[in-house]
Amino acid sequence: MIDTGDTAWLLVSTALVMFMTPGLALFYGGLVRGKNVLGTIMQSFFALGLVSVLWVLIGYTLAFGKSHWGLIGGLEFWGFRGVGQAPSDVYATTTPHVAFAMYQMMFAVITPALITGAIAERMKFAAYVLFLGLWSILVYSPLAHWVWGGGWLFELGALDFAGGTVVHINAGVAALAAILYMGKRRGYGKEAFVPHNVPMVITGAAILWFGWFGFNAGSALAANGLAASAFAATHVATAAAIIGWLIPESIKHGKPTTIGAATGAVAGLVAITPAAGFVEPWAAILIGLAAGVICWKAVDLKSRLRYDDSLDVVGVHMVGGIVGALLVGVFASTAVNEFSVAGLSQLGKQAVGVGATLGFSFLATWAILWVVDRTVGLRVTEDDEITGLDLSQHAEVGYTLVDRGGSAGRAAPAAAASTVVVEEPAPVKEGAR
Amino acid sequence: MKLITAIIKPFKLDEVKEALRDIGVNGLTETEVQGFGRQRGHTEVYRGAEYQVDFVPKVKIEVVADDDQVQGIVDAIIKTARTGKIGDGKVFVQPAEQVYRIRTGEMGPDAI
């Protein structure tokens with residue numbers, strides 16, 4: 001029976017979650033060097049293209065089709081067959097089945113995009129396309145099935161409200177595998193890798209925060225009190241995580257940074273994701289504070305361990321996801337959600353969910369990287385890495401502050417070519433370059 | 001005294017700076033420049049329109065040195081900035097008539 005309020009909220013939430021991926025593109029794009037800004041943005045933006053199509057064709061049915069052995073969904077929904085205006089019998093039963101499937105699509109899109117922060121500035125675009133497609137089908141869909149689609153973790157009773165395991169721990173540990181497999185960027189540890197556009201980072205973080213209300217409050221799959229409760233928990237945990245990050249940062253470096261505030265906010269959003277629909281606001285504040293401090297420490301440790309997690313996907317998403325997934329088992333309250341269970345045995349179940357995600361995602365990601373490396377090769381050449389991804393992979397540059405001469409080439413339309421003014425070349429002095 | 005001007009690939013700047021510091025150069029000026037020589041530019045594409053961009057980004061380094069140090073500095077730049085590929089750049093040496101340190105008014109080699 002379709003409820004119009006629930007349907008309206010789910011559709012709005014779907015659009016909110018969709019907006020997170022371009023937000024992530026800006027967040028990551030601002031953190032890299034200027035010569036890689038487009039390459040980095042493209043990795044997220046292109047996920048909207050490829051994963052959306054794959055989700056309709058095969059991804060959705062593998063995640064949410066009838067469970068086989070608790071491991072994988074059947075093929076009955078391939079191409080969204082039977083996913084129509086009538087509600088599903090199982091998922092979000094008060095909204096059209098296709099609304100639920102589209103909502104889930106946006107989660108499938110952003111999860112692999114999160115990984116790109118770890119391999120930024122060094123992956124060949126062709127390799128990324130292949131990796132993205134394989135990872136979406138072989139890693140994301142099975143894990144989504146385990147936790148949400150009636151798979152074995154779902155049966156076990158591990159709590160994951162909006163995707164702490166499926167989205168964040170999954171992407172975070174896949175990022176770890178990718179970092180270890182691909183190695184460091186050229187010049188890592190010697191040259192300064194300074195974020196080239198900090199306001200863009202903050203803009204991206206703000207868009208993520210905004211979209212995350214759809215991610216978490218939308219996961220109630222209904223316009224009800226639980227959605228409102230998750231909305232509140234999401235916001236206050238994020239707020240607390242900003243504070244939690246800035247305190248140790250200020251103590252260590254003397255000053256609080258804006259990138260620290262933005263990263264702390266994302267860490268809080270990550271940590272509250274599995275817990276949003278199970279905890280009260282006071283507990284959300286504690287989870288946010290813990291995530292801010294612990295993720296700060298994880299990122300701080302990274303520089304000492306000297307592995308090149310370019311944009312700190314492991315420190316924020318894997319660590320933040322684990323903080324949230326475990327603390328659900330401590331703070332879950334039946335006042336918020338009738339399915340809440342807290343205590344030692346629940347903490348154990350949460351740990352099983354975390355461990356299974358870590359193990360499966362790491363190994364499967366490693367295998368996919370191996371295959372992609374053997375076929376198209378993962379890394380750009382040294383010359384292309386020096387030139388930057390923008391020019392070497394996409395034949396564009398992000399910023400032209402001065403006109404750089406040059407002329408319209410073969411493919412330029414005649415009209416454009418005629419606008420190019422050819423100036424007299426300046427007299428060339430002897431010995432000029 | 002001589003003014004040494006070198007045009008090099010941008011990613012070589014740090015290496016060249018370190019090499020010069022190692023042989024006792026204690027100051028230099030760096031400018032981001034664009035130019036072209038034998039190294040071709042590159043093609044950019046925006047909504048199907050293709051553009052040939054001729055100017056390639058380079059870094060210009062300027063160092064003033066006493067005559068007896070000039071050859072050592074030039075050699076260090078050539079050695080560290082070389083990749084063996086086209087576009088490695090150029091080094092120019094020209095006489096510097098006089099050098100003044102603004103703060104003290106010192107002149108000549110003492111002011112370098």
# chains A, B, ... in the order shown; residues from 1 in each chain; ligands from 1
>>> residues_around(residues="B:Val53", least_positions_apart="2", cutoff="8 Å", atoms="only C-alpha atoms", output="ChimeraX atom specification")
/A:404-407 /B:41-44,51,55-56
>>> closest_atom_pairs(of="chain B", to="chain A", cutoff="8 Å", atoms="only C-alpha atoms", output="CSV")
residue,atom,partner,partner_atom,distance
B:Phe11,CA,A:Ile386,CA,7.2
B:Asp14,CA,A:Glu191,CA,7.8
B:Gly35,CA,A:Arg433,CA,7.2
B:Phe36,CA,A:Arg433,CA,6.3
B:Gly37,CA,A:Arg433,CA,4.9
B:Thr43,CA,A:Ala395,CA,6.5
B:Glu44,CA,A:Ala395,CA,4.6
B:Val45,CA,A:Ala395,CA,5.7
B:Tyr46,CA,A:Glu396,CA,7.1
B:Gly48,CA,A:Ala411,CA,6.7
B:Ala49,CA,A:Ala412,CA,4.2
B:Glu50,CA,A:Gly409,CA,5.0
B:Tyr51,CA,A:Ala408,CA,4.4
B:Gln52,CA,A:Ser407,CA,5.2
B:Val53,CA,A:Gly406,CA,4.2
B:Asp54,CA,A:Gly406,CA,4.9
B:Phe55,CA,A:Arg404,CA,6.1
B:Gly89,CA,A:Arg433,CA,7.5
B:Lys90,CA,A:Arg433,CA,7.0
>>> atom_distance(atom1="atom CA of A:Ala175", atom2="atom CA of A:Val314")
6.4 Å
>>> select_by_dssp(residues="chain B", states="alpha helix (DSSP H)", output="ChimeraX atom specification")
/B:13-22,67-81
>>> residues_around(residues="stretch 289-293 of chain A", least_positions_apart="2", cutoff="8 Å", atoms="only C-alpha atoms", output="list in words")
Ala237, Ala240, Ala241, Ile242, Ile243, Gly244, Trp245, Leu246, Ile247, Pro248, Gly264, Ala265, Ala267, Gly268, Ala271, Ile285, Leu286, Ile287, Cys295, Trp296, Lys297, Gly320, Val323 and Gly324 of chain A
>>> write_last_selection(atoms="C-alpha atoms", output="tab-separated table (two decimals), in the first residue's frame")
chain	number	residue	atom	x	y	z
A	237	ALA	CA	27.20	13.83	15.60
A	240	ALA	CA	30.47	17.16	17.68
A	241	ALA	CA	33.02	15.56	15.35
A	242	ILE	CA	34.18	18.99	14.15
A	243	ILE	CA	34.95	19.83	17.77
A	244	GLY	CA	36.44	16.39	18.39
A	245	TRP	CA	38.86	16.81	15.49
A	246	LEU	CA	39.87	20.40	16.19
A	247	ILE	CA	40.81	19.91	19.85
A	248	PRO	CA	43.71	17.47	19.36
A	264	GLY	CA	36.19	16.10	11.14
A	265	ALA	CA	32.67	16.74	9.87
A	267	ALA	CA	34.39	11.60	10.01
A	268	GLY	CA	31.33	12.36	12.16
A	271	ALA	CA	30.56	7.27	12.21
A	285	ILE	CA	27.22	13.57	20.28
A	286	LEU	CA	29.48	11.05	22.01
A	287	ILE	CA	29.85	9.02	18.81
A	295	CYS	CA	40.00	9.71	13.03
A	296	TRP	CA	42.33	12.63	13.70
A	297	LYS	CA	44.71	10.23	15.42
A	320	GLY	CA	35.24	6.24	11.32
A	323	VAL	CA	34.00	3.50	15.42
A	324	GLY	CA	30.34	3.92	14.47
>>> select_by_dssp(residues="chain B", states="strand (DSSP E)", output="MDAnalysis selection string")
chainID B and resid 2:8 29:35 42:46 49:53 56:65 89:95
>>> write_last_selection(atoms="N, CA and C atoms", output="compact mmCIF listing (two decimals), in the first residue's frame")
# COMPACT_ATOMS: atom_id res chain seq x y z
N LYS B 2 78.56 37.24 -12.42
CA LYS B 2 77.71 36.83 -13.53
C LYS B 2 76.27 36.58 -13.03
N LEU B 3 75.32 36.82 -13.93
CA LEU B 3 73.92 36.44 -13.66
C LEU B 3 73.64 35.15 -14.43
N ILE B 4 73.31 34.13 -13.71
CA ILE B 4 73.00 32.84 -14.34
C ILE B 4 71.49 32.68 -14.36
N THR B 5 70.96 32.48 -15.56
CA THR B 5 69.51 32.29 -15.70
C THR B 5 69.29 30.89 -16.28
N ALA B 6 68.48 30.10 -15.61
CA ALA B 6 68.21 28.75 -16.12
C ALA B 6 66.71 28.57 -16.29
N ILE B 7 66.32 27.99 -17.44
CA ILE B 7 64.92 27.61 -17.66
C ILE B 7 64.88 26.09 -17.56
N ILE B 8 64.08 25.58 -16.60
CA ILE B 8 64.09 24.13 -16.39
C ILE B 8 62.66 23.59 -16.28
N THR B 29 66.42 33.18 -7.08
CA THR B 29 65.07 33.66 -7.37
C THR B 29 64.43 32.68 -8.35
N GLU B 30 63.16 32.35 -8.11
CA GLU B 30 62.47 31.40 -8.99
C GLU B 30 61.20 32.06 -9.51
N THR B 31 60.92 31.88 -10.79
CA THR B 31 59.70 32.43 -11.38
C THR B 31 59.04 31.36 -12.24
N GLU B 32 57.72 31.27 -12.18
CA GLU B 32 57.01 30.35 -13.08
C GLU B 32 56.82 31.06 -14.41
N VAL B 33 57.28 30.42 -15.46
CA VAL B 33 57.21 31.05 -16.78
C VAL B 33 56.61 30.06 -17.79
N GLN B 34 56.28 30.56 -18.95
CA GLN B 34 55.82 29.70 -20.03
C GLN B 34 56.60 30.06 -21.29
N GLY B 35 56.85 29.05 -22.10
CA GLY B 35 57.57 29.34 -23.32
C GLY B 35 57.52 28.17 -24.27
N HIS B 42 50.85 20.93 -26.42
CA HIS B 42 49.95 19.81 -26.30
C HIS B 42 48.57 20.22 -26.80
N THR B 43 47.69 19.23 -26.93
CA THR B 43 46.36 19.50 -27.44
C THR B 43 45.36 19.44 -26.30
N GLU B 44 44.45 20.39 -26.23
CA GLU B 44 43.35 20.33 -25.27
C GLU B 44 42.03 20.29 -26.02
N VAL B 45 41.04 19.63 -25.41
CA VAL B 45 39.75 19.47 -26.08
C VAL B 45 38.65 19.96 -25.14
N TYR B 46 37.83 20.91 -25.60
CA TYR B 46 36.69 21.37 -24.81
C TYR B 46 35.42 21.27 -25.64
N ALA B 49 35.89 20.92 -29.35
CA ALA B 49 36.78 21.87 -30.03
C ALA B 49 38.21 21.60 -29.56
N GLU B 50 39.09 21.39 -30.52
CA GLU B 50 40.45 21.01 -30.17
C GLU B 50 41.36 22.22 -30.29
N TYR B 51 42.21 22.42 -29.30
CA TYR B 51 43.12 23.56 -29.34
C TYR B 51 44.55 23.09 -29.17
N GLN B 52 45.41 23.66 -29.97
CA GLN B 52 46.83 23.36 -29.82
C GLN B 52 47.44 24.45 -28.93
N VAL B 53 47.96 24.05 -27.77
CA VAL B 53 48.57 25.02 -26.87
C VAL B 53 50.08 24.93 -27.02
N VAL B 56 54.61 25.90 -22.99
CA VAL B 56 54.77 24.84 -22.00
C VAL B 56 55.22 25.50 -20.70
N PRO B 57 54.64 25.09 -19.55
CA PRO B 57 55.08 25.70 -18.30
C PRO B 57 56.52 25.30 -17.94
N LYS B 58 57.29 26.28 -17.54
CA LYS B 58 58.68 26.04 -17.12
C LYS B 58 58.94 26.87 -15.87
N VAL B 59 60.10 26.61 -15.25
CA VAL B 59 60.52 27.42 -14.11
C VAL B 59 61.81 28.12 -14.48
N LYS B 60 61.89 29.41 -14.17
CA LYS B 60 63.11 30.17 -14.41
C LYS B 60 63.81 30.41 -13.08
N ILE B 61 65.11 30.07 -13.04
CA ILE B 61 65.90 30.30 -11.82
C ILE B 61 66.94 31.37 -12.14
N GLU B 62 67.12 32.30 -11.24
CA GLU B 62 68.18 33.30 -11.42
C GLU B 62 69.10 33.30 -10.20
N VAL B 63 70.41 33.22 -10.50
CA VAL B 63 71.41 33.24 -9.44
C VAL B 63 72.52 34.20 -9.86
N VAL B 64 72.96 35.05 -8.95
CA VAL B 64 74.14 35.87 -9.23
C VAL B 64 75.31 35.26 -8.46
N ALA B 65 76.48 35.13 -9.13
CA ALA B 65 77.62 34.48 -8.48
C ALA B 65 78.91 35.16 -8.88
N GLY B 89 65.42 22.33 -21.15
CA GLY B 89 65.62 23.76 -20.87
C GLY B 89 66.98 24.28 -21.30
N LYS B 90 67.33 25.47 -20.78
CA LYS B 90 68.54 26.18 -21.19
C LYS B 90 69.16 26.86 -19.98
N VAL B 91 70.46 27.16 -20.09
CA VAL B 91 71.13 27.99 -19.08
C VAL B 91 71.79 29.16 -19.80
N PHE B 92 71.58 30.37 -19.33
CA PHE B 92 72.23 31.55 -19.90
C PHE B 92 73.16 32.15 -18.84
N VAL B 93 74.32 32.62 -19.28
CA VAL B 93 75.22 33.32 -18.37
C VAL B 93 75.50 34.69 -18.96
N GLN B 94 75.32 35.74 -18.16
CA GLN B 94 75.59 37.09 -18.65
C GLN B 94 76.31 37.87 -17.54
N PRO B 95 77.07 38.89 -17.95
CA PRO B 95 77.78 39.67 -16.92
C PRO B 95 76.81 40.45 -16.05
>>> closest_residue(among="B:Gln69, B:Ala96, B:Gly108, B:Ile102", to="B:Leu20", atoms="only C-alpha atoms")
B:Gln69
>>> residues_around(residues="A:Asp160", least_positions_apart="5", cutoff="7 Å", atoms="only C-alpha atoms", output="VMD selection string")
chain A and resid 165 274 to 275
>>> write_last_selection(atoms="N, CA and C atoms", output="mmCIF file, in the first residue's frame")
data_model
loop_
_atom_site.group_PDB
_atom_site.id
_atom_site.type_symbol
_atom_site.label_atom_id
_atom_site.label_comp_id
_atom_site.auth_asym_id
_atom_site.auth_seq_id
_atom_site.Cartn_x
_atom_site.Cartn_y
_atom_site.Cartn_z
ATOM 1 N N THR A 165 28.892 -0.316 7.403
ATOM 2 C CA THR A 165 29.719 -1.412 6.897
ATOM 3 C C THR A 165 29.734 -1.432 5.377
ATOM 4 N N PRO A 274 26.013 4.154 10.593
ATOM 5 C CA PRO A 274 25.390 2.905 11.027
ATOM 6 C C PRO A 274 24.477 3.091 12.247
ATOM 7 N N ALA A 275 24.666 4.201 12.970
ATOM 8 C CA ALA A 275 23.992 4.365 14.254
ATOM 9 C C ALA A 275 22.789 5.298 14.210
#
>>> residues_around(residues="A:Ala284", least_positions_apart="6", cutoff="9 Å", atoms="only C-alpha atoms", output="PyMOL selection string")
chain A and resi 232-238+240+272+275-276+331
>>> write_last_selection(atoms="N, CA and C atoms", output="PDB file, in the first residue's frame")
ATOM      1  N   ALA A 232      18.226  14.134  13.375  1.00  0.00           N
ATOM      2  CA  ALA A 232      18.837  14.837  14.508  1.00  0.00           C
ATOM      3  C   ALA A 232      20.186  14.224  14.862  1.00  0.00           C
ATOM      4  N   ALA A 233      20.231  12.882  14.947  1.00  0.00           N
ATOM      5  CA  ALA A 233      21.479  12.206  15.321  1.00  0.00           C
ATOM      6  C   ALA A 233      22.576  12.541  14.312  1.00  0.00           C
ATOM      7  N   THR A 234      22.214  12.561  13.017  1.00  0.00           N
ATOM      8  CA  THR A 234      23.191  12.848  11.969  1.00  0.00           C
ATOM      9  C   THR A 234      23.804  14.230  12.166  1.00  0.00           C
ATOM     10  N   HIS A 235      22.942  15.179  12.415  1.00  0.00           N
ATOM     11  CA  HIS A 235      23.459  16.545  12.511  1.00  0.00           C
ATOM     12  C   HIS A 235      24.330  16.757  13.745  1.00  0.00           C
ATOM     13  N   VAL A 236      23.866  16.287  14.899  1.00  0.00           N
ATOM     14  CA  VAL A 236      24.634  16.600  16.111  1.00  0.00           C
ATOM     15  C   VAL A 236      25.939  15.806  16.177  1.00  0.00           C
ATOM     16  N   ALA A 237      25.947  14.598  15.616  1.00  0.00           N
ATOM     17  CA  ALA A 237      27.199  13.830  15.602  1.00  0.00           C
ATOM     18  C   ALA A 237      28.236  14.550  14.742  1.00  0.00           C
ATOM     19  N   THR A 238      27.782  15.091  13.621  1.00  0.00           N
ATOM     20  CA  THR A 238      28.698  15.805  12.724  1.00  0.00           C
ATOM     21  C   THR A 238      29.255  17.049  13.412  1.00  0.00           C
ATOM     22  N   ALA A 240      29.548  17.548  16.613  1.00  0.00           N
ATOM     23  CA  ALA A 240      30.468  17.156  17.685  1.00  0.00           C
ATOM     24  C   ALA A 240      31.807  16.704  17.111  1.00  0.00           C
ATOM     25  N   ILE A 272      28.301   8.196  12.338  1.00  0.00           N
ATOM     26  CA  ILE A 272      26.901   8.155  12.751  1.00  0.00           C
ATOM     27  C   ILE A 272      26.062   7.356  11.751  1.00  0.00           C
ATOM     28  N   ALA A 275      24.666   4.201  12.970  1.00  0.00           N
ATOM     29  CA  ALA A 275      23.992   4.365  14.254  1.00  0.00           C
ATOM     30  C   ALA A 275      22.789   5.298  14.210  1.00  0.00           C
ATOM     31  N   ALA A 276      22.670   6.078  13.127  1.00  0.00           N
ATOM     32  CA  ALA A 276      21.705   7.184  13.104  1.00  0.00           C
ATOM     33  C   ALA A 276      20.299   6.791  13.552  1.00  0.00           C
ATOM     34  N   PHE A 331      25.400   1.929  22.311  1.00  0.00           N
ATOM     35  CA  PHE A 331      24.428   2.989  22.578  1.00  0.00           C
ATOM     36  C   PHE A 331      23.027   2.756  22.009  1.00  0.00           C
TER      37      PHE A 331
END
>>> residues_around(residues="A:Phe80", least_positions_apart="4", cutoff="12 Å", atoms="only C-alpha atoms", output="PyMOL selection string")
chain A and resi 52-62+64-65+75-76+84-85+97-102+105
>>> closest_residue(among="A:Leu31, A:Ile41, A:Ile251, A:Ile368", to="A:Phe125", atoms="only C-alpha atoms")
A:Ile41
